[in-house]
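Shown here: upload_9.txt, compact mmCIF, C-alpha atoms and all ligand atoms.
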```
# COMPACT_ATOMS: atom_id res chain seq x y z
CA MET A 17 -19.60 29.13 68.79
CA GLY A 18 -20.72 31.89 71.12
CA LYS A 19 -23.21 34.49 69.99
CA SER A 20 -23.69 38.08 70.93
CA LEU A 21 -26.90 38.77 72.86
CA LYS A 22 -28.44 42.12 73.62
CA ILE A 23 -31.00 42.19 76.43
CA ALA A 24 -33.28 44.94 77.67
CA VAL A 25 -33.71 44.67 81.46
CA LEU A 26 -36.94 46.09 82.90
CA PRO A 27 -37.03 45.49 86.67
CA GLY A 28 -40.26 47.45 87.26
CA ASP A 29 -41.78 47.87 90.72
CA GLY A 30 -41.95 46.18 94.11
CA ILE A 31 -39.83 43.04 94.24
CA GLY A 32 -39.01 43.43 90.52
CA PRO A 33 -35.48 44.83 91.01
CA GLU A 34 -34.51 42.11 93.53
CA ILE A 35 -35.66 39.15 91.48
CA ILE A 36 -34.32 40.61 88.24
CA GLU A 37 -30.89 41.06 89.81
CA GLN A 38 -30.74 37.33 90.56
CA ALA A 39 -32.02 36.34 87.13
CA LEU A 40 -29.51 38.64 85.44
CA ASN A 41 -26.67 37.10 87.43
CA VAL A 42 -27.81 33.70 86.20
CA VAL A 43 -27.91 34.98 82.61
CA LYS A 44 -24.38 36.35 83.02
CA ILE A 45 -22.90 33.11 84.31
CA VAL A 46 -24.63 31.07 81.60
CA CYS A 47 -23.30 33.41 78.88
CA ASN A 48 -19.89 33.14 80.43
CA LYS A 49 -20.01 29.38 80.44
CA PHE A 50 -21.18 29.03 76.84
CA GLY A 51 -19.01 31.83 75.45
CA HIS A 52 -21.82 34.23 74.55
CA GLU A 53 -21.12 37.90 74.58
CA LEU A 54 -23.80 39.58 76.68
CA SER A 55 -24.74 43.23 76.61
CA TYR A 56 -27.67 44.64 78.53
CA GLU A 57 -29.29 47.93 79.32
CA TYR A 58 -31.84 48.91 81.98
CA ALA A 59 -35.08 50.80 81.35
CA ILE A 60 -38.02 51.90 83.48
CA VAL A 61 -41.60 50.63 83.36
CA GLY A 62 -44.63 50.70 85.66
CA ALA A 63 -45.17 52.87 88.74
CA CYS A 64 -41.51 53.86 88.91
CA ALA A 65 -41.77 55.18 85.33
CA ILE A 66 -44.91 57.16 86.22
CA ASP A 67 -42.99 58.71 89.13
CA ALA A 68 -39.98 59.50 86.94
CA VAL A 69 -41.51 60.67 83.66
CA GLY A 70 -45.30 60.60 84.07
CA GLU A 71 -46.02 57.55 81.92
CA PRO A 72 -45.76 53.82 82.65
CA TYR A 73 -44.17 52.71 79.34
CA PRO A 74 -42.02 55.59 78.11
CA LYS A 75 -40.93 55.87 74.50
CA ALA A 76 -37.27 55.38 75.43
CA THR A 77 -38.15 52.05 77.06
CA HIS A 78 -40.05 50.95 73.97
CA GLU A 79 -37.15 51.90 71.70
CA LEU A 80 -34.71 49.94 73.81
CA CYS A 81 -37.02 46.90 73.70
CA MET A 82 -37.32 47.19 69.91
CA GLN A 83 -33.54 47.26 69.52
CA SER A 84 -32.90 44.30 71.81
CA ASP A 85 -32.90 40.56 71.15
CA ALA A 86 -35.05 39.89 74.22
CA VAL A 87 -36.61 41.66 77.19
CA LEU A 88 -36.23 40.43 80.76
CA PHE A 89 -39.07 41.86 82.81
CA GLY A 90 -39.64 41.86 86.58
CA ALA A 91 -43.05 42.98 87.79
CA ILE A 92 -45.17 46.09 87.98
CA GLY A 93 -47.81 47.47 90.30
CA ASP A 94 -48.04 49.66 93.36
CA PRO A 95 -50.70 49.64 96.10
CA LYS A 96 -51.12 53.39 95.87
CA TYR A 97 -52.84 52.77 92.52
CA ASP A 98 -54.73 49.60 93.51
CA ASN A 99 -56.72 51.47 96.10
CA ASN A 100 -57.35 54.46 93.90
CA PRO A 101 -59.78 53.42 91.16
CA SER A 102 -59.94 56.98 89.84
CA ALA A 103 -56.21 57.24 89.04
CA LYS A 104 -55.95 58.22 85.36
CA VAL A 105 -52.50 56.76 84.77
CA ARG A 106 -51.89 53.26 86.14
CA PRO A 107 -48.76 51.06 86.16
CA GLU A 108 -50.67 48.18 84.53
CA GLN A 109 -51.27 50.36 81.49
CA GLY A 110 -47.51 50.21 80.95
CA LEU A 111 -47.52 46.44 80.76
CA LEU A 112 -50.53 46.43 78.44
CA LYS A 113 -48.98 49.08 76.20
CA MET A 114 -45.73 47.15 76.05
CA ARG A 115 -47.59 43.98 75.03
CA LYS A 116 -49.58 45.86 72.40
CA ASP A 117 -46.70 47.92 70.97
CA LEU A 118 -44.39 44.90 70.77
CA GLY A 119 -47.20 42.84 69.21
CA LEU A 120 -46.90 40.13 71.88
CA TYR A 121 -50.07 38.26 71.11
CA ALA A 122 -49.14 34.98 72.77
CA ASN A 123 -48.24 34.41 76.38
CA ILE A 124 -46.80 30.97 76.99
CA ARG A 125 -46.97 29.67 80.53
CA PRO A 126 -45.59 26.16 81.03
CA VAL A 127 -46.98 24.32 84.05
CA THR A 128 -44.81 21.55 85.46
CA THR A 129 -44.17 20.03 88.84
CA PHE A 130 -40.94 19.81 90.78
CA PRO A 131 -40.35 16.57 92.73
CA SER A 132 -39.32 18.39 95.90
CA LEU A 133 -42.46 20.55 95.88
CA ILE A 134 -45.08 17.90 95.22
CA HIS A 135 -45.75 17.16 98.86
CA LYS A 136 -46.15 20.88 99.56
CA SER A 137 -49.01 21.35 97.14
CA PRO A 138 -52.52 21.57 98.59
CA LEU A 139 -53.43 19.02 95.89
CA ARG A 140 -52.89 15.30 96.40
CA ALA A 141 -49.53 14.10 95.09
CA GLU A 142 -50.98 11.42 92.81
CA LEU A 143 -53.10 14.03 91.03
CA ILE A 144 -50.25 16.34 90.15
CA ASP A 145 -47.19 14.11 89.95
CA GLY A 146 -46.22 14.18 86.27
CA ALA A 147 -48.51 17.07 85.31
CA ASP A 148 -46.91 18.89 82.41
CA PHE A 149 -48.90 21.21 80.21
CA MET A 150 -48.57 24.51 78.46
CA CYS A 151 -51.06 27.35 78.76
CA ILE A 152 -51.17 29.68 75.80
CA ARG A 153 -52.97 32.87 76.68
CA GLU A 154 -53.99 35.33 73.97
CA LEU A 155 -52.41 38.57 75.15
CA THR A 156 -53.36 41.57 73.00
CA GLY A 157 -57.10 41.19 72.49
CA GLY A 158 -60.32 40.55 74.35
CA MET A 159 -61.64 42.53 77.27
CA TYR A 160 -58.21 43.96 78.16
CA PHE A 161 -58.14 46.02 74.98
CA GLY A 162 -61.74 46.15 73.71
CA ARG A 163 -63.30 49.59 73.45
CA PRO A 164 -65.51 51.23 74.54
CA GLN A 165 -64.50 50.87 78.14
CA GLY A 166 -65.59 53.26 80.85
CA ARG A 167 -68.37 54.73 82.92
CA ALA A 168 -71.68 56.24 82.06
CA GLU A 169 -71.96 59.92 82.88
CA ASP A 170 -73.83 59.34 86.12
CA GLY A 171 -70.85 57.27 87.33
CA ASN A 172 -73.05 54.37 88.33
CA THR A 173 -72.78 52.17 85.26
CA ALA A 174 -69.50 50.78 83.90
CA TYR A 175 -68.70 48.73 80.82
CA ASP A 176 -65.90 46.74 79.19
CA THR A 177 -66.00 45.32 75.69
CA CYS A 178 -64.71 41.95 74.58
CA VAL A 179 -63.59 41.96 70.93
CA TYR A 180 -61.82 39.32 68.84
CA THR A 181 -61.13 39.25 65.13
CA ARG A 182 -60.68 36.15 62.98
CA GLU A 183 -57.03 37.04 62.41
CA GLU A 184 -56.32 37.25 66.15
CA VAL A 185 -57.95 33.91 66.84
CA GLU A 186 -56.35 32.14 63.90
CA ARG A 187 -52.77 33.12 64.69
CA ILE A 188 -52.96 32.05 68.32
CA LEU A 189 -54.65 28.74 67.49
CA HIS A 190 -52.01 27.94 64.86
CA LEU A 191 -49.35 28.61 67.49
CA ALA A 192 -51.09 26.23 69.89
CA TYR A 193 -51.12 23.48 67.25
CA LYS A 194 -47.47 24.14 66.46
CA TYR A 195 -46.48 23.56 70.10
CA ALA A 196 -48.83 20.60 70.49
CA GLY A 197 -47.09 19.04 67.48
CA GLN A 198 -43.80 19.23 69.38
CA ARG A 199 -45.41 17.89 72.57
CA ASN A 200 -48.15 15.33 73.20
CA LYS A 201 -50.38 16.27 70.29
CA LYS A 202 -53.44 17.52 72.07
CA VAL A 203 -54.98 21.01 72.05
CA THR A 204 -57.70 22.09 74.47
CA ILE A 205 -59.49 25.24 73.33
CA VAL A 206 -61.10 26.93 76.32
CA ASP A 207 -64.03 29.29 75.80
CA LYS A 208 -67.49 30.23 77.01
CA ALA A 209 -69.26 29.56 73.71
CA ASN A 210 -72.54 28.81 75.47
CA VAL A 211 -72.78 32.48 76.44
CA LEU A 212 -70.31 34.77 74.65
CA ALA A 213 -70.26 35.80 70.99
CA THR A 214 -66.47 36.12 70.95
CA SER A 215 -66.22 32.57 72.30
CA ARG A 216 -68.48 31.31 69.52
CA LEU A 217 -66.08 32.88 67.01
CA TRP A 218 -63.20 31.10 68.76
CA ARG A 219 -65.05 27.82 68.62
CA GLN A 220 -66.03 28.16 64.97
CA ILE A 221 -62.46 28.98 63.93
CA GLY A 222 -61.19 26.20 66.19
CA GLN A 223 -63.38 23.70 64.40
CA GLU A 224 -62.08 24.89 61.04
CA ILE A 225 -58.43 24.86 62.03
CA ALA A 226 -58.67 21.47 63.76
CA THR A 227 -59.26 19.83 60.38
CA GLN A 228 -55.87 21.16 59.21
CA TYR A 229 -54.11 19.21 61.98
CA PRO A 230 -55.51 15.68 61.70
CA ASP A 231 -52.73 14.13 63.79
CA ILE A 232 -53.47 16.43 66.74
CA GLU A 233 -56.43 15.80 69.03
CA THR A 234 -58.67 18.83 69.56
CA GLU A 235 -60.84 19.23 72.63
CA PHE A 236 -63.24 22.12 73.31
CA MET A 237 -63.97 23.02 76.90
CA PHE A 238 -66.01 25.69 78.66
CA VAL A 239 -63.90 27.85 80.94
CA ASP A 240 -65.85 27.01 84.10
CA ASN A 241 -65.34 23.32 83.44
CA ALA A 242 -61.64 23.96 82.65
CA ALA A 243 -61.19 25.73 85.99
CA MET A 244 -62.35 22.55 87.70
CA ARG A 245 -60.45 20.12 85.49
CA ILE A 246 -57.12 21.94 85.95
CA ILE A 247 -57.30 21.11 89.65
CA GLN A 248 -59.04 17.77 89.37
CA TRP A 249 -57.19 16.22 86.46
CA PRO A 250 -54.21 18.38 85.41
CA LYS A 251 -52.58 15.46 83.63
CA SER A 252 -55.35 15.46 81.01
CA PHE A 253 -53.96 18.65 79.44
CA ASP A 254 -51.16 19.09 76.93
CA VAL A 255 -51.62 22.51 75.29
CA LEU A 256 -54.43 24.68 76.64
CA VAL A 257 -55.20 27.76 74.58
CA THR A 258 -57.60 30.51 75.55
CA GLU A 259 -58.50 34.18 75.38
CA ASN A 260 -56.84 36.93 77.40
CA LEU A 261 -58.94 37.20 80.58
CA PHE A 262 -59.64 33.47 80.92
CA GLY A 263 -55.91 32.82 80.49
CA ASP A 264 -55.02 35.35 83.17
CA ILE A 265 -57.24 33.62 85.70
CA LEU A 266 -56.57 30.00 84.77
CA THR A 267 -52.79 30.40 84.91
CA ASP A 268 -52.83 31.79 88.45
CA GLU A 269 -54.92 28.78 89.33
CA ALA A 270 -52.51 26.46 87.54
CA SER A 271 -49.61 27.80 89.60
CA VAL A 272 -51.02 25.86 92.55
CA ILE A 273 -50.02 22.67 90.72
CA THR A 274 -46.42 23.86 90.55
CA GLY A 275 -46.45 24.63 94.26
CA SER A 276 -46.19 28.41 94.41
CA LEU A 277 -47.05 31.47 92.35
CA GLY A 278 -43.39 32.28 92.81
CA MET A 279 -42.42 29.41 90.49
CA LEU A 280 -44.26 30.09 87.24
CA PRO A 281 -42.34 31.72 84.37
CA SER A 282 -43.74 33.03 81.11
CA ALA A 283 -42.71 33.96 77.60
CA SER A 284 -44.62 36.54 75.58
CA VAL A 285 -44.01 36.20 71.87
CA GLY A 286 -45.40 37.75 68.74
CA ILE A 287 -44.36 40.28 66.17
CA HIS A 288 -41.40 42.14 67.71
CA THR A 289 -39.00 41.42 70.60
CA SER A 290 -40.16 38.70 73.01
CA VAL A 291 -40.59 39.43 76.72
CA PHE A 292 -39.80 37.02 79.54
CA GLU A 293 -41.40 37.58 82.92
CA PRO A 294 -42.66 35.76 86.00
CA ILE A 295 -46.45 35.45 86.12
CA HIS A 296 -46.64 36.81 89.67
CA GLY A 297 -47.05 40.48 90.52
CA SER A 298 -44.87 43.04 92.27
CA TYR A 299 -45.58 41.72 95.82
CA PRO A 300 -45.16 45.20 97.35
CA GLN A 301 -45.34 43.92 100.94
CA ALA A 302 -42.04 42.14 100.36
CA ALA A 303 -40.26 44.85 98.39
CA GLY A 304 -36.75 45.56 99.63
CA LYS A 305 -36.87 42.73 102.18
CA ASN A 306 -34.85 40.21 100.17
CA ILE A 307 -37.43 37.46 100.81
CA ALA A 308 -39.21 37.07 97.44
CA ASN A 309 -38.83 33.90 95.43
CA PRO A 310 -36.55 34.59 92.43
CA LEU A 311 -37.21 31.22 90.75
CA ALA A 312 -40.05 32.28 88.43
CA THR A 313 -37.80 35.01 87.05
CA ILE A 314 -34.78 32.71 86.80
CA LEU A 315 -36.97 30.17 84.99
CA SER A 316 -38.15 33.00 82.71
CA ALA A 317 -34.49 33.55 81.84
CA ALA A 318 -34.35 29.84 80.90
CA LEU A 319 -37.32 30.40 78.57
CA MET A 320 -35.49 33.40 77.11
CA PHE A 321 -32.53 31.25 76.08
CA GLU A 322 -34.86 28.67 74.56
CA TYR A 323 -37.53 30.80 72.88
CA ALA A 324 -35.63 33.97 71.95
CA PHE A 325 -32.23 32.49 71.17
CA GLY A 326 -32.98 28.83 70.37
CA MET A 327 -30.37 27.83 72.98
CA MET A 328 -31.83 24.68 74.48
CA GLU A 329 -28.76 23.54 76.41
CA GLU A 330 -28.48 26.88 78.18
CA GLY A 331 -32.15 26.76 79.17
CA ALA A 332 -31.87 23.18 80.37
CA LEU A 333 -28.86 24.01 82.54
CA ILE A 334 -30.78 26.79 84.31
CA ARG A 335 -33.70 24.44 84.91
CA GLN A 336 -31.35 21.81 86.36
CA ALA A 337 -29.82 24.40 88.64
CA VAL A 338 -33.25 25.47 89.88
CA THR A 339 -34.23 21.86 90.57
CA ALA A 340 -30.92 21.32 92.38
CA SER A 341 -31.52 24.34 94.61
CA MET A 342 -34.91 22.97 95.61
CA ASP A 343 -33.53 19.48 96.19
CA ALA A 344 -30.95 21.08 98.48
CA ASN A 345 -33.73 22.99 100.28
CA VAL A 346 -32.16 26.30 99.37
CA VAL A 347 -35.52 28.00 98.94
CA THR A 348 -37.35 31.17 99.96
CA GLU A 349 -40.02 31.28 102.64
CA ASP A 350 -42.98 30.70 100.30
CA ILE A 351 -41.83 27.13 99.64
CA ALA A 352 -39.73 26.39 102.72
CA ASP A 353 -41.99 24.63 105.21
CA ASN A 354 -40.10 23.08 108.08
CA THR A 355 -36.73 23.89 106.60
CA LYS A 356 -34.84 27.15 106.95
CA ALA A 357 -35.94 29.91 104.57
CA PHE A 358 -33.19 31.46 102.47
CA SER A 359 -33.16 35.01 101.14
CA THR A 360 -33.73 36.03 97.53
CA SER A 361 -30.05 36.73 97.01
CA GLU A 362 -28.90 33.56 98.79
CA VAL A 363 -31.03 31.46 96.44
CA GLY A 364 -29.73 33.36 93.42
CA GLU A 365 -26.11 33.10 94.54
CA TRP A 366 -26.48 29.37 95.21
CA ILE A 367 -27.79 28.83 91.68
CA VAL A 368 -25.00 30.90 90.13
CA LYS A 369 -22.39 28.87 92.07
CA TRP A 370 -24.01 25.61 91.02
CA ILE A 371 -23.86 26.61 87.35
CA GLU A 372 -20.30 27.86 87.75
CA ASN A 373 -19.15 24.51 89.14
CA LYS A 374 -21.08 22.41 86.66
C1 LIG B 1 -50.38 39.03 84.43
C2 LIG B 1 -50.81 40.17 85.33
C3 LIG B 1 -51.26 41.32 84.45
C4 LIG B 1 -52.43 40.84 83.61
C5 LIG B 1 -51.64 42.59 85.23
C6 LIG B 1 -50.52 43.07 86.12
C7 LIG B 1 -52.09 43.69 84.29
O1 LIG B 1 -51.80 39.75 86.20
O2 LIG B 1 -49.40 39.22 83.67
O3 LIG B 1 -50.98 37.97 84.47
O4 LIG B 1 -53.58 40.83 84.08
O5 LIG B 1 -52.20 40.47 82.48
MN MN B 2 -52.35 37.63 86.03
```

Do you think you could lay out the structure here as structure tokens?
Amino acid sequence: MGKSLKIAVLPGDGIGPEIIEQALNVVKIVCNKFGHELSYEYAIVGACAIDAVGEPYPKATHELCMQSDAVLFGAIGDPKYDNNPSAKVRPEQGLLKMRKDLGLYANIRPVTTFPSLIHKSPLRAELIDGADFMCIRELTGGMYFGRPQGRAEDGNTAYDTCVYTREEVERILHLAYKYAGQRNKKVTIVDKANVLATSRLWRQIGQEIATQYPDIETEFMFVDNAAMRIIQWPKSFDVLVTENLFGDILTDEASVITGSLGMLPSASVGIHTSVFEPIHGSYPQAAGKNIANPLATILSAALMFEYAFGMMEEGALIRQAVTASMDANVVTEDIADNTKAFSTSEVGEWIVKWIENK
């Protein structure tokens, strides 16, 4: 039986609109195939929203997100803000506000390998072949949101504040154990408890919660060590859970295992509507050129079917189509080495065709 699905589409800045267009076409064909009735509406976020209405996450966008079953998000960011540290309003604030206002406290970033990309990784094939873990990044706490944040009056001293409450740590750790229970039953809690007070709270709560999950192995690891182990022994991880800033950094690093930053999707879940977005940024140098890799966004659409709608078959079909496109060497320039590079839309169209004929 088909369902009716309402999606908010937030393309954002840079390559956002191009990659979202391909992902949306994939969503449409999948809904068609499985008899779901799709409705969707666009809204603005990021630098384009600042240009249009003066704020990066307008109220109208938030209301649309709240009324939708899921949000498909492209990317935000514009170089005119990156090089202007004194800009008062920044596109990134839109993303942070969206995460906060939707209560998206968990960002799930699955890290897997694709057979056709393994030889393209800078890491040795035997190290990464079979790597399959899930990073769970806390998304609405820590240094990103801690206050005070700012500059001393003389302008020469700046400060950020890292804050975590018991409630924030508990809910994300329980989520990590839930997913580990459905996977290979191991949780690695990454912190810097030898230095940071917030990390010591994480570790203390981790030790308490671990006893509630006796059939799941718990491992504690310092973040510097984790940064090394992700590259050196990625197969030792199952579910890695960590605070906001550590998770931001470690997941970019982990994308090297997959083969390209253009491949890693993410799901942000929590209290209100879930958001699905690639982990990469807005890649402004490529904007409008039809060269960006749409696969992370298409794979984010797969996560949307699975996590937001509980539609596993739909998600699996998208994943198969993505793998098929790579096996056929229909890939963008970031992962095409000696083979011809295809455009963003060619890759998207190939995947839509593949699903159509399946
Ligand atoms: C990410 C991005 C964002 C973050 C930026 C754009 C604010 O890097 O989603 O990982 O740091 O969270
Ligand atoms: Mn990041």

For chain A against ligand LIG 1 (chain B), with a cut-off of 7 Å and counting all atoms listed in the file, what is the closest atom pair and its distance in Å to one decimal for every residue that makes the cut, ordered by chain and number, as JSON lines?
```
{"residue": "A:Ile92", "atom": "CA", "partner": "B:LIG1", "partner_atom": "C6", "distance": 6.4}
{"residue": "A:Gly93", "atom": "CA", "partner": "B:LIG1", "partner_atom": "C6", "distance": 6.6}
{"residue": "A:Glu108", "atom": "CA", "partner": "B:LIG1", "partner_atom": "C7", "distance": 4.7}
{"residue": "A:Leu111", "atom": "CA", "partner": "B:LIG1", "partner_atom": "C7", "distance": 6.4}
{"residue": "A:Leu112", "atom": "CA", "partner": "B:LIG1", "partner_atom": "C7", "distance": 6.6}
{"residue": "A:Asp264", "atom": "CA", "partner": "B:LIG1", "partner_atom": "O3", "distance": 5.0}
{"residue": "A:Ile295", "atom": "CA", "partner": "B:LIG1", "partner_atom": "O2", "distance": 5.4}
{"residue": "A:His296", "atom": "CA", "partner": "B:LIG1", "partner_atom": "C1", "distance": 6.8}
{"residue": "A:Gly297", "atom": "CA", "partner": "B:LIG1", "partner_atom": "C6", "distance": 6.2}
```

Which one of A:Gly51, A:Gly171, A:Gly30, A:Gly119 sits closest to Ser290 (chain A) if you count only C-alpha atoms?
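So, comparing all the options, the nearest one is A:Gly119.
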
Residue contacts of Arg125 (chain A) (8 Å, all atoms listed in the file) excluding same-chain residues fewer than 2 positions away, as a list in words
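In the requested form, the answer reads Asn123, Val127, Met150, Cys151, Ile152, Arg153, Thr267, Leu280, Pro281, Ser282 and Ala283 of chain A.
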
Given only C-alpha atoms as the counted atoms, nearest of A:Glu349, A:Glu184, A:Glu372, A:Glu57 to Gly158 (chain A):
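With only C-alpha atoms as the atom set, the closest residue is A:Glu184.
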
In Å, how far is it from CA of Met327 (chain A) to CA of Ala340 (chain A)?
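That distance, rounded to one decimal, is 20.5 Å.
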
List the spatial neighbours of Leu277 (chain A) as a ChimeraX atom specification - criterion: any atom at most 10 Å away, only C-alpha atoms, same-chain residues fewer than 5 positions off excluded.
/A:267-272,294-297,309,311-312,350-351

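Taking all atoms listed in the file, the non-local environment of Gly32 (chain A) within 8 Å (same-chain residues fewer than 5 positions away omitted) comprises Pro27, Phe89, Gly90, Ala91, Ile92 and Ser298 of chain A.
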